[in-house]
Every structure is written in C-alpha cells, then in structure tokens.
>>> print(open('target.txt').read())   # compact mmCIF, C-alpha atoms
# COMPACT_ATOMS: atom_id res chain seq x y z
CA MET A 5 75.48 -10.37 135.15
CA ILE A 6 78.06 -7.73 134.22
CA ARG A 7 75.91 -5.11 135.96
CA SER A 8 75.94 -7.13 139.18
CA ILE A 9 79.70 -7.61 139.13
CA VAL A 10 80.44 -3.96 138.32
CA GLY A 11 77.97 -2.87 141.02
CA LEU A 12 79.63 -5.22 143.51
CA ILE A 13 83.08 -3.81 142.69
CA ILE A 14 81.86 -0.21 143.13
CA VAL A 15 80.14 -1.07 146.41
CA LEU A 16 83.19 -2.93 147.78
CA THR A 17 85.43 0.02 146.86
CA LEU A 18 83.05 2.42 148.61
CA SER A 19 82.92 0.28 151.76
CA ALA A 20 86.73 -0.02 151.77
CA VAL A 21 86.94 3.79 151.69
CA VAL A 22 84.42 4.06 154.53
CA ILE A 23 86.22 1.47 156.66
CA SER A 24 89.58 3.17 156.08
CA VAL A 25 88.35 6.57 157.33
CA ILE A 26 86.76 5.28 160.56
CA PRO A 27 88.94 6.92 163.24
CA ASP A 28 88.67 4.70 166.29
CA LEU A 29 86.25 2.11 167.54
CA SER A 30 85.34 3.09 171.07
CA VAL A 31 81.95 3.23 172.75
CA PRO A 32 81.10 6.91 173.48
CA VAL A 33 80.84 7.86 177.15
CA ASP A 34 79.76 11.51 177.06
CA LEU A 35 77.20 13.22 174.86
CA PRO A 36 78.32 15.89 172.40
CA ARG A 37 77.97 19.45 173.72
CA THR A 38 74.75 20.19 171.82
CA GLY A 39 73.07 17.03 173.02
CA GLN A 40 74.34 17.67 176.53
CA TYR A 41 72.70 21.11 176.47
CA TYR A 42 69.42 19.75 175.15
CA THR A 43 69.19 17.01 177.78
CA GLU A 44 70.05 19.41 180.63
CA HIS A 45 68.06 22.51 179.69
CA GLY A 46 65.40 21.14 177.32
CA VAL A 47 62.56 20.94 179.84
CA GLU A 48 63.11 24.39 181.37
CA ASP A 49 63.59 26.02 177.95
CA THR A 50 60.56 24.53 176.20
CA GLY A 51 58.43 22.75 178.80
CA SER A 52 58.29 19.63 176.63
CA VAL A 53 59.11 16.35 178.38
CA ASN A 54 59.91 14.64 175.07
CA LEU A 55 63.22 16.21 174.10
CA VAL A 56 63.03 15.04 170.48
CA THR A 57 59.84 17.07 170.07
CA SER A 58 61.44 20.07 171.77
CA VAL A 59 64.31 19.90 169.27
CA VAL A 60 62.01 19.37 166.27
CA VAL A 61 59.40 22.00 167.05
CA ALA A 62 61.14 24.57 169.28
CA TYR A 63 64.96 24.57 168.94
CA ARG A 64 65.04 23.65 165.26
CA GLY A 65 61.51 24.73 164.36
CA LEU A 66 62.72 26.63 161.31
CA ASP A 67 64.18 23.39 159.89
CA THR A 68 60.82 21.73 160.45
CA LEU A 69 59.16 24.51 158.47
CA GLY A 70 61.64 23.79 155.66
CA GLU A 71 60.85 20.08 155.93
CA VAL A 72 57.13 20.84 155.64
CA VAL A 73 57.91 22.89 152.52
CA VAL A 74 59.87 19.96 151.00
CA LEU A 75 57.02 17.56 151.74
CA PHE A 76 54.57 20.08 150.27
CA SER A 77 56.54 20.49 147.03
CA ALA A 78 57.02 16.74 146.60
CA SER A 79 53.34 15.97 147.17
CA THR A 80 52.34 18.84 144.88
CA ALA A 81 54.64 17.44 142.18
CA VAL A 82 53.13 13.95 142.55
CA VAL A 83 49.56 15.24 142.46
CA LEU A 84 50.34 17.56 139.53
CA ILE A 85 52.01 14.82 137.46
CA LEU A 86 49.22 12.34 138.17
CA THR A 87 46.55 14.92 137.35
CA LEU A 88 48.14 15.74 134.00
CA ILE A 89 49.08 12.13 133.13
CA PRO A 90 46.75 9.79 135.06
CA VAL A 91 48.08 6.27 135.57
CA GLY A 92 45.11 4.76 137.42
CA SER A 93 42.89 2.10 135.95
CA ASP A 94 39.50 0.81 137.03
CA PRO A 95 40.10 -0.48 140.57
CA THR A 96 39.33 -4.11 141.19
CA PRO A 97 36.68 -4.70 143.88
CA PRO A 98 38.34 -5.49 147.23
CA SER A 99 38.14 -8.95 148.74
CA SER A 100 35.63 -9.39 151.56
CA ILE A 101 38.41 -9.40 154.19
CA VAL A 102 39.77 -6.04 153.03
CA ALA A 103 36.26 -4.60 152.68
CA LEU A 104 35.29 -5.63 156.22
CA THR A 105 38.60 -4.40 157.71
CA ALA A 106 38.17 -1.07 155.93
CA ARG A 107 34.77 -0.70 157.54
CA VAL A 108 35.80 -1.62 161.09
CA LEU A 109 39.38 -0.43 161.61
CA PRO A 110 39.67 3.21 160.34
CA ALA A 111 37.94 4.77 163.38
CA ALA A 112 40.42 3.12 165.74
CA VAL A 113 43.35 4.05 163.50
CA VAL A 114 42.27 7.71 163.33
CA LEU A 115 41.83 7.75 167.12
CA PHE A 116 45.35 6.36 167.58
CA GLY A 117 46.69 8.93 165.11
CA ALA A 118 44.99 11.76 167.01
CA TYR A 119 46.50 10.42 170.25
CA VAL A 120 50.00 10.33 168.73
CA ILE A 121 49.61 13.89 167.38
CA THR A 122 48.27 15.43 170.60
CA HIS A 123 50.74 13.65 172.92
CA GLY A 124 53.84 14.53 170.91
CA HIS A 125 55.33 16.58 173.75
CA LEU A 126 54.77 13.82 176.33
CA SER A 127 55.57 10.53 174.63
CA PRO A 128 57.19 9.36 171.37
CA GLY A 129 55.18 10.80 168.51
CA GLY A 130 54.16 14.19 167.18
CA GLY A 131 52.82 15.67 164.01
CA PHE A 132 54.71 13.66 161.42
CA PRO A 133 54.11 10.07 162.63
CA GLY A 134 50.56 10.90 163.75
CA GLY A 135 49.74 12.47 160.39
CA ALA A 136 51.11 9.39 158.61
CA ILE A 137 48.90 7.15 160.80
CA VAL A 138 45.77 9.20 159.97
CA ALA A 139 46.69 9.08 156.27
CA SER A 140 47.04 5.28 156.49
CA ALA A 141 43.42 5.14 157.71
CA PHE A 142 42.46 7.11 154.59
CA LEU A 143 44.43 4.64 152.46
CA LEU A 144 42.60 1.73 154.14
CA VAL A 145 39.21 3.29 153.34
CA MET A 146 40.32 3.82 149.75
CA LEU A 147 41.53 0.22 149.38
CA GLY A 148 38.24 -1.04 150.81
CA SER A 149 36.11 0.66 148.20
CA SER A 150 36.08 0.15 144.45
CA SER A 151 35.18 3.75 143.65
CA VAL A 152 37.55 6.47 142.53
CA PRO A 153 37.94 9.46 144.87
CA GLY A 154 36.73 12.70 143.37
CA SER A 155 38.41 16.07 143.48
CA SER A 156 39.82 16.82 146.91
CA LYS A 157 39.09 20.50 147.59
CA PHE A 158 38.48 19.54 151.24
CA LEU A 159 41.96 18.03 151.61
CA ALA A 160 43.54 20.99 149.83
CA SER A 161 41.84 23.51 152.13
CA ILE A 162 42.85 21.58 155.28
CA GLU A 163 46.40 21.50 153.98
CA SER A 164 46.48 25.25 153.28
CA LEU A 165 44.89 26.07 156.63
CA ALA A 166 47.44 23.93 158.50
CA GLY A 167 50.36 25.48 156.61
CA VAL A 168 49.15 29.03 157.30
CA THR A 169 48.60 28.13 160.97
CA PHE A 170 52.17 26.84 161.29
CA GLY A 171 53.56 30.04 159.76
CA LEU A 172 51.41 32.33 161.90
CA LEU A 173 52.35 30.46 165.11
CA GLY A 174 55.98 30.96 164.13
CA PHE A 175 55.52 34.70 163.55
CA TRP A 176 53.67 35.01 166.88
CA GLY A 177 56.94 34.12 168.63
CA MET A 178 58.72 36.64 166.42
CA MET A 179 56.32 39.44 167.42
CA VAL A 180 56.62 38.73 171.17
CA PHE A 181 60.22 37.60 171.67
CA GLY A 182 61.88 38.38 168.33
CA GLN A 183 62.46 34.62 167.80
CA PHE A 184 60.74 32.62 165.09
CA LEU A 185 58.69 29.77 166.62
CA ASN A 186 59.51 30.66 170.22
CA ASN A 187 57.08 28.32 171.93
CA LEU A 188 56.64 30.21 175.21
CA VAL A 189 54.27 32.87 173.86
CA ILE A 190 51.63 31.13 175.96
CA PRO A 191 52.59 29.91 179.47
CA GLN A 192 54.47 26.63 179.43
CA GLY A 193 52.43 25.04 182.22
CA SER A 194 53.77 22.16 184.28
CA PRO A 195 55.85 19.73 182.18
CA GLY A 196 54.27 16.32 181.80
CA LYS A 197 50.68 17.52 181.59
CA ILE A 198 48.72 17.40 178.35
CA VAL A 199 48.28 21.21 178.34
CA SER A 200 51.90 22.28 178.63
CA ALA A 201 54.95 23.17 176.54
CA GLY A 202 53.51 26.41 175.16
CA ILE A 203 52.53 26.22 171.49
CA ILE A 204 54.21 22.84 170.82
CA PRO A 205 50.87 20.92 170.86
CA LEU A 206 49.33 23.50 168.49
CA VAL A 207 52.28 23.24 166.08
CA SER A 208 52.06 19.42 166.30
CA LEU A 209 48.37 19.65 165.43
CA ALA A 210 49.12 21.86 162.41
CA ILE A 211 51.92 19.56 161.21
CA GLY A 212 49.72 16.49 161.73
CA ALA A 213 46.83 17.96 159.73
CA LYS A 214 49.20 19.01 156.96
CA VAL A 215 51.01 15.67 156.71
CA ALA A 216 47.75 13.69 156.84
CA SER A 217 46.07 15.76 154.10
CA GLU A 218 49.18 15.78 151.88
CA LEU A 219 49.74 12.02 152.08
CA SER A 220 46.00 11.42 151.58
CA SER A 221 45.94 13.51 148.42
CA VAL A 222 49.04 11.64 147.15
CA PHE A 223 47.26 8.30 147.79
CA ALA A 224 44.09 9.58 146.11
CA SER A 225 45.98 10.80 143.04
CA TYR A 226 47.53 7.35 142.45
CA ARG A 227 44.01 6.14 141.74
CA ASN A 228 43.19 9.12 139.54
CA LYS A 229 41.93 7.88 136.18
CA GLY A 230 41.66 11.29 134.59
CA GLY A 231 38.68 12.61 132.74
CA GLU A 232 36.96 14.76 135.32
CA ALA A 233 39.91 16.55 136.93
CA MET B 29 81.99 -7.22 175.66
CA THR B 30 78.65 -7.16 177.36
CA ALA B 31 75.41 -7.78 175.49
CA GLU B 32 74.72 -4.03 175.33
CA VAL B 33 78.05 -3.29 173.64
CA ILE B 34 77.50 -6.12 171.16
CA PHE B 35 74.05 -4.67 170.40
CA TYR B 36 75.63 -1.21 169.94
CA TRP B 37 78.09 -2.42 167.31
CA SER B 38 75.63 -4.73 165.59
CA LEU B 39 73.39 -1.68 164.98
CA SER B 40 76.14 0.09 163.04
CA VAL B 41 76.94 -3.07 161.07
CA THR B 42 73.24 -3.45 160.20
CA ALA B 43 73.02 0.18 159.07
CA LEU B 44 76.13 -0.06 156.89
CA GLY B 45 74.89 -3.38 155.50
CA LEU B 46 71.55 -1.84 154.51
CA ILE B 47 73.32 1.07 152.80
CA ILE B 48 75.64 -1.31 150.91
CA ILE B 49 72.78 -3.59 149.82
CA GLY B 50 70.77 -0.53 148.73
CA ILE B 51 73.58 0.98 146.64
CA TRP B 52 74.32 -2.41 145.09
CA GLY B 53 70.63 -2.84 144.25
CA VAL B 54 70.44 0.60 142.62
CA LEU B 55 73.51 -0.21 140.52
CA SER B 56 72.69 -3.76 139.51
CA ARG B 57 68.89 -4.14 139.23
CA LYS B 58 67.09 -3.51 135.93
CA ASN B 59 63.45 -3.13 136.99
CA ILE B 60 62.77 0.52 137.86
CA LEU B 61 60.52 -0.38 140.80
CA ARG B 62 63.21 -2.64 142.26
CA ILE B 63 65.65 0.27 141.93
CA ALA B 64 63.16 2.41 143.89
CA LEU B 65 62.94 -0.35 146.52
CA ALA B 66 66.74 -0.56 146.80
CA PHE B 67 66.87 3.23 147.11
CA THR B 68 64.48 3.22 150.07
CA LEU B 69 66.57 0.40 151.61
CA ALA B 70 69.70 2.59 151.47
CA ASP B 71 67.61 5.45 152.87
CA THR B 72 66.59 3.29 155.84
CA GLY B 73 70.23 2.37 156.41
CA VAL B 74 71.24 6.04 156.49
CA ASN B 75 68.47 6.79 159.00
CA LEU B 76 69.56 3.90 161.22
CA LEU B 77 73.19 5.07 161.04
CA LEU B 78 72.15 8.60 162.09
CA VAL B 79 70.12 7.31 165.04
CA TRP B 80 73.02 5.04 166.01
CA SER B 81 75.41 8.02 166.03
CA GLY B 82 73.49 9.54 168.95
CA PHE B 83 73.04 6.26 170.80
CA ALA B 84 75.20 4.87 173.57
CA PRO B 85 74.82 1.62 175.52
CA GLY B 86 72.89 1.89 178.76
CA ARG B 87 71.23 5.21 178.01
CA SER B 88 67.44 5.57 177.82
CA ALA B 89 65.12 7.36 175.38
CA PRO B 90 65.27 11.18 175.56
CA ILE B 91 62.04 11.62 177.52
CA VAL B 92 62.59 13.37 180.85
CA ASP B 93 61.31 11.43 183.83
CA SER B 94 62.25 11.41 187.48
CA SER B 95 63.60 7.86 187.17
CA VAL B 96 65.82 8.61 184.16
CA THR B 97 69.46 9.37 184.86
CA SER B 98 71.20 9.35 181.47
CA MET B 99 69.64 9.89 178.05
CA VAL B 100 70.75 9.44 174.45
CA ASP B 101 71.38 12.48 172.25
CA PRO B 102 67.98 13.81 171.02
CA LEU B 103 69.45 15.77 168.11
CA PRO B 104 70.12 12.85 165.67
CA GLN B 105 66.65 11.47 166.37
CA ALA B 106 65.08 14.84 165.49
CA LEU B 107 67.15 14.96 162.29
CA VAL B 108 66.07 11.43 161.36
CA LEU B 109 62.43 12.40 161.85
CA THR B 110 63.04 14.98 159.11
CA SER B 111 64.95 12.48 157.01
CA ILE B 112 62.18 9.84 157.15
CA VAL B 113 59.55 12.30 155.92
CA ILE B 114 61.79 13.55 153.10
CA GLY B 115 62.51 9.90 152.21
CA VAL B 116 58.80 9.13 151.91
CA ALA B 117 58.26 12.19 149.68
CA VAL B 118 61.21 11.31 147.44
CA ALA B 119 60.07 7.68 147.19
CA ALA B 120 56.55 8.76 146.16
CA LEU B 121 58.00 11.01 143.44
CA PHE B 122 60.43 8.24 142.37
CA VAL B 123 57.59 5.73 141.92
CA VAL B 124 55.46 8.20 139.92
CA VAL B 125 58.29 9.11 137.55
CA GLY B 126 59.23 5.42 137.27
CA VAL B 127 55.69 4.37 136.39
CA LEU B 128 55.46 7.12 133.76
CA ALA B 129 58.83 6.13 132.24
CA ALA B 130 57.71 2.49 132.16
CA ARG B 131 54.47 3.53 130.41
CA LYS B 132 56.39 5.54 127.84
CA SER B 133 58.91 2.84 126.96
CA GLY B 134 56.45 -0.04 127.30
CA SER B 135 58.63 -1.88 129.81
CA SER B 136 59.87 -1.45 133.36
CA ASP B 137 63.38 -2.43 132.25
CA VAL B 138 65.72 0.55 132.57
CA ARG B 139 67.84 -0.71 129.65
CA ARG B 140 64.91 -0.06 127.32
CA MET B 141 64.27 3.51 128.48
CA LYS B 142 66.15 5.19 125.69
CA GLU B 143 64.81 8.67 126.53
CA LEU B 144 66.86 8.73 129.71
CA ARG B 145 70.17 8.29 127.89
CA TRP B 146 72.38 10.91 126.40
>>> encode(input="target.txt", output="structure tokens")
Amino acid sequence: MIRSIVGLIIVLTLSAVVISVIPDLSVPVDLPRTGQYYTEHGVEDTGSVNLVTSVVVAYRGLDTLGEVVVLFSASTAVVLILTLIPVGSDPTPPSSIVALTARVLPAAVVLFGAYVITHGHLSPGGGFPGGAIVASAFLLVMLGSSSVPGSSKFLASIESLAGVTFGLLGFWGMMVFGQFLNNLVIPQGSPGKIVSAGIIPLVSLAIGAKVASELSSVFASYRNKGGEA
Amino acid sequence: MTAEVIFYWSLSVTALGLIIIGIWGVLSRKNILRIALAFTLADTGVNLLLVWSGFAPGRSAPIVDSSVTSMVDPLPQALVLTSIVIGVAVAALFVVVGVLAARKSGSSDVRRMKELRW
C-alpha cells in the first residue's frame, strides 16, 4: 500500500515536470532538416523505396552494426547464464491443439518471415522483424514438442556466418568508396524492383539470419535442463 | 480540430500514459515478473512517443511511390526499430536474472530478495 502511494507520488511529480517543460502545443507542418533530406534524396542515394530501410541499413548502417552487437551480447549473456544455471524442467506434453498447430503452421510462418526479410527495401519489413518472425516459427515448433532441444552448433554457426557477412559487406563499401556500408558497391538497379538498392537486400538477409538464430538460441536455452551441455 | 488532429494528440497521450503506468508499476509492484512486465510497458510507451515525434497528420508512410506527396520523417522510425530490438534483448535478460533471483530467495517477491540490498 505504501509502495503504491509513494510510487504514485513519484510518477505524478515526474509527469508534472514533463508537462511543465513542453514548449508549445502545435501540430508540426514541416519535417526537420534531416528528415527532409532523407525523403527528398533517399531514393537516388540508396535506391531503396522504403526510406526507413535506407536509413537503417545505408545512412545509419554503423548504428545497426552496433545494435546487432548489443543483441548479440544480450543473447550470449542469456544463453551463458542458462547454460551455467539451467532453469528448465521437464516440459509438459503440449495439448493436441498446440501440437497440431505446430505441425501445420511453421512452414507458412517461415515463408512469411522470408518474404519480410527479402522485401525490406520495398515494403515495411527488413532483417529485424523478419528474423523475429522466423524465430517465432522455431518457438512454435519447440512448444509443440515435449522434447528438449540439444546443443545448437547449427544455430551458432549460422549466427557467426551472418555476423561475419554483415561486417564484410560493410568493409566492401570501405574498400571501394571509403565509406563503411556504402550500399552502391553493386549497381542500384531500378528502385521498386526486388533486385535493387545495391547491397541492402544482402545486409537484410544477414541481419535476418542473425536475429532469427540468436532469438532461437535464447528460446532453446530457456528449456535447457542442464546435464549434457 | 479535425479527426486527424485528435488522433495525433491522442497518440502522444497514449504514449505518455504507457510510460507513466510502466514507471508506476516498476515502483509499486512486488513480483519480479510483474516488474519486468511494467518495464516493457514503459519501453513500449517510449517507442510510441519516438514514432509520434516524427509523425504529422495527413502524411503517409515513408515509402516512395508516385502517388505519395508528403511523407512522415523516416528517422524516428529507424531509431525505434533499433529500440524495439534492444528492448527485447533487455527484457530477455531481465526475465532470466529475475527467475534466478526468485530461485535463490525461494520467492518471486522482491522484498524477500535480501541479496539485492546493501
């Protein structure tokens, strides 16, 4: 009870501070200069129709590399902790509904994930959401079986391969143009086609493989009972 | 006030509300998993606030098309893509550490986790 009241007081004070520093309440008319540049020159600079992808992979590609590193360290920490101190117990057998769904649905889910990854420069999507979708198919398979996944050397090698590919694609741009992750090392093609936007689809593929394998190994380690690992 | 402007402001109110509920939950709940849940709620609110900061009424999604005349700012959306992934990673780590702390103290109540106090 006291905790709730004290928490409420702190939160109300914080929101009073936030409300007092809001400068003016007007609906914006123009974009900020950075956003203005991206919307005007994004397609000719990168060849990607989806400007969010062009910002994520081309303009701010170095930040994305840092993001991949953060995701990698967090998933490594989770897998490491759960390998040393397993928390899993014997999984209960799934109900017949879950078991049937896990047999029918994963193929369609993986197909949708692959679509989202490969069309990241054309429509909303890209490596991160697509990788999460593929990993959710893995989670569905795991929930539909009552066995414990074994050691995941396969996942680890996919993850390493994807990370190395991302880095090498970045250094390719550095060798040719002196810019890390410059995406026009291969011709940009005509914007709007599936083969366009230089190396953006390849980087999306690498990010997607990396995210999918990392999240899958995190899911698998939650069920790790210890003993064999 | 057209419907679009009302929608614009209601987005910011929703985002701030989620952040406030999340912070209040972190401060007032006792179960470590509920604290993790409140934390992800505040995280979602921050993401929504960032997306809202690049949004303006009447503008379309930042995908170039011949029929599109004005687009929203793509930069906050790209930043939020980063933020969502980091949020998932932090939540996974939070849950693991929380489960281990609950194992060690025999309860998921944070008041009984004496190892975390100094």
>>> residues_around(input="target.txt", residues="region 36-42 of chain B", least_positions_apart="5", cutoff="8 Å", atoms="all atoms listed in the file", output="ChimeraX atom specification")
/B:73,76-77,80,83-85
>>> residues_near_point(input="target.txt", point="(46.4, 20.7, 166.0)", cutoff="12 Å", atoms="all atoms listed in the file", output="NGL selection string")
:A and (117-124 or 130-132 or 134-135 or 162 or 165-167 or 169-170 or 173 or 203-216)
>>> closest_residue(input="target.txt", among="B:Gln105, B:Asn75, B:Ser88, B:Ser133", to="Gly129 (chain A)", atoms="only C-alpha atoms")
B:Gln105
>>> residues_around(input="target.txt", residues="Arg140 (chain B)", least_positions_apart="6", cutoff="10 Å", atoms="all atoms listed in the file", output="PyMOL selection string")
chain B and resi 58+129-130+133-134
>>> closest_residue(input="target.txt", among="A:Pro90, A:Gly182, A:Gly174, A:Pro27", to="chain B", atoms="only C-alpha atoms")
A:Pro90
>>> interface_residues(input="target.txt", of="chain B", to="chain A", cutoff="7 Å", atoms="only C-alpha atoms", output="list in words")
Ile48, Ile51, Trp52, Leu55, Ser56, Ala84, Pro90, Ile91, Val92, Asp101, Pro102, Leu103, Gln105, Ala106, Thr110, Ile114, Ala117, Val118, Leu121 and Val124 of chain B
>>> write_last_selection(input="target.txt", atoms="C-alpha atoms", output="tab-separated table (two decimals), in the coordinates of the input")
chain	number	residue	atom	x	y	z
B	48	ILE	CA	75.64	-1.31	150.91
B	51	ILE	CA	73.58	0.98	146.64
B	52	TRP	CA	74.32	-2.41	145.09
B	55	LEU	CA	73.51	-0.21	140.52
B	56	SER	CA	72.69	-3.76	139.51
B	84	ALA	CA	75.20	4.87	173.57
B	90	PRO	CA	65.27	11.18	175.56
B	91	ILE	CA	62.04	11.62	177.52
B	92	VAL	CA	62.59	13.37	180.85
B	101	ASP	CA	71.38	12.48	172.25
B	102	PRO	CA	67.98	13.81	171.02
B	103	LEU	CA	69.45	15.77	168.11
B	105	GLN	CA	66.65	11.47	166.37
B	106	ALA	CA	65.08	14.84	165.49
B	110	THR	CA	63.04	14.98	159.11
B	114	ILE	CA	61.79	13.55	153.10
B	117	ALA	CA	58.26	12.19	149.68
B	118	VAL	CA	61.21	11.31	147.44
B	121	LEU	CA	58.00	11.01	143.44
B	124	VAL	CA	55.46	8.20	139.92
>>> closest_residue(input="target.txt", among="B:Val116, B:Gly86, B:Lys132, B:Ile63", to="Glu32 (chain B)", atoms="all atoms listed in the file")
B:Gly86
>>> atom_distance(input="target.txt", atom1="CA of Leu69 (chain B)", atom2="CA of Val73 (chain A)")
24.1 Å
>>> closest_residue(input="target.txt", among="A:Thr17, A:Ser151, A:Thr87, A:Ser217", to="Ser164 (chain A)", atoms="all atoms listed in the file")
A:Ser217
>>> residues_near_point(input="target.txt", point="(66.9, 3.3, 148.7)", cutoff="9 Å", atoms="all atoms listed in the file", output="list of chain:residue names")
B:Ile47, B:Gly50, B:Ile51, B:Gly53, B:Val54, B:Ile63, B:Ala64, B:Leu65, B:Ala66, B:Phe67, B:Thr68, B:Leu69, B:Ala70, B:Asp71, B:Thr72, B:Gly73, B:Gly115, B:Ala119
>>> atom_distance(input="target.txt", atom1="CA of Gln192 (chain A)", atom2="CA of Met178 (chain A)")
17.0 Å
>>> atom_distance(input="target.txt", atom1="CA of Leu143 (chain A)", atom2="CA of Asn59 (chain B)")
25.7 Å
>>> closest_residue(input="target.txt", among="A:Ile23, A:Met146, A:Met179, A:Val199", to="Thr105 (chain A)", atoms="all atoms listed in the file")
A:Met146
>>> residues_around(input="target.txt", residues="Pro98 (chain A)", least_positions_apart="5", cutoff="12 Å", atoms="all atoms listed in the file", output="VMD selection string")
chain A and resid 103 to 107 144 to 151
>>> write_last_selection(input="target.txt", atoms="C-alpha atoms", output="PDB file, in the frame of the given file")
ATOM      1  CA  ALA A 103      36.260  -4.600 152.680  1.00  0.00           C
ATOM      2  CA  LEU A 104      35.290  -5.630 156.220  1.00  0.00           C
ATOM      3  CA  THR A 105      38.600  -4.400 157.710  1.00  0.00           C
ATOM      4  CA  ALA A 106      38.170  -1.070 155.930  1.00  0.00           C
ATOM      5  CA  ARG A 107      34.770  -0.700 157.540  1.00  0.00           C
ATOM      6  CA  LEU A 144      42.600   1.730 154.140  1.00  0.00           C
ATOM      7  CA  VAL A 145      39.210   3.290 153.340  1.00  0.00           C
ATOM      8  CA  MET A 146      40.320   3.820 149.750  1.00  0.00           C
ATOM      9  CA  LEU A 147      41.530   0.220 149.380  1.00  0.00           C
ATOM     10  CA  GLY A 148      38.240  -1.040 150.810  1.00  0.00           C
ATOM     11  CA  SER A 149      36.110   0.660 148.200  1.00  0.00           C
ATOM     12  CA  SER A 150      36.080   0.150 144.450  1.00  0.00           C
ATOM     13  CA  SER A 151      35.180   3.750 143.650  1.00  0.00           C
TER      14      SER A 151
END
>>> axis_aligned_box(input="target.txt", around="region 78-87 of chain B", padding_each_side="3 Å", output="lines of an AutoDock Vina configuration file")
center_x = 72.8
center_y = 5.6
center_z = 170.4
size_x = 11.3
size_y = 13.9
size_z = 22.7
>>> decode(input="target.txt", residues="region 205-216 of chain A", atoms="N, CA and C atoms", output="mmCIF file, in the first residue's frame")
data_model
loop_
_atom_site.group_PDB
_atom_site.id
_atom_site.type_symbol
_atom_site.label_atom_id
_atom_site.label_comp_id
_atom_site.auth_asym_id
_atom_site.auth_seq_id
_atom_site.Cartn_x
_atom_site.Cartn_y
_atom_site.Cartn_z
ATOM 1 N N PRO A 205 19.472 -5.595 -49.784
ATOM 2 C CA PRO A 205 18.850 -6.915 -49.559
ATOM 3 C C PRO A 205 19.811 -7.926 -48.940
ATOM 4 N N LEU A 206 21.107 -7.863 -49.326
ATOM 5 C CA LEU A 206 22.081 -8.808 -48.753
ATOM 6 C C LEU A 206 22.278 -8.533 -47.268
ATOM 7 N N VAL A 207 22.378 -7.228 -46.905
ATOM 8 C CA VAL A 207 22.540 -6.891 -45.486
ATOM 9 C C VAL A 207 21.301 -7.316 -44.708
ATOM 10 N N SER A 208 20.091 -7.097 -45.308
ATOM 11 C CA SER A 208 18.852 -7.530 -44.654
ATOM 12 C C SER A 208 18.874 -9.032 -44.402
ATOM 13 N N LEU A 209 19.354 -9.774 -45.405
ATOM 14 C CA LEU A 209 19.413 -11.230 -45.267
ATOM 15 C C LEU A 209 20.341 -11.616 -44.115
ATOM 16 N N ALA A 210 21.511 -10.951 -44.037
ATOM 17 C CA ALA A 210 22.455 -11.253 -42.957
ATOM 18 C C ALA A 210 21.846 -10.922 -41.602
ATOM 19 N N ILE A 211 21.203 -9.733 -41.503
ATOM 20 C CA ILE A 211 20.593 -9.342 -40.229
ATOM 21 C C ILE A 211 19.488 -10.326 -39.864
ATOM 22 N N GLY A 212 18.665 -10.706 -40.878
ATOM 23 C CA GLY A 212 17.564 -11.625 -40.598
ATOM 24 C C GLY A 212 18.058 -12.963 -40.078
ATOM 25 N N ALA A 213 19.100 -13.519 -40.728
ATOM 26 C CA ALA A 213 19.645 -14.802 -40.278
ATOM 27 C C ALA A 213 20.198 -14.679 -38.873
ATOM 28 N N LYS A 214 20.857 -13.544 -38.593
ATOM 29 C CA LYS A 214 21.474 -13.374 -37.278
ATOM 30 C C LYS A 214 20.421 -13.254 -36.193
ATOM 31 N N VAL A 215 19.393 -12.402 -36.440
ATOM 32 C CA VAL A 215 18.346 -12.213 -35.434
ATOM 33 C C VAL A 215 17.590 -13.516 -35.196
ATOM 34 N N ALA A 216 17.255 -14.227 -36.302
ATOM 35 C CA ALA A 216 16.496 -15.464 -36.153
ATOM 36 C C ALA A 216 17.280 -16.491 -35.343
#
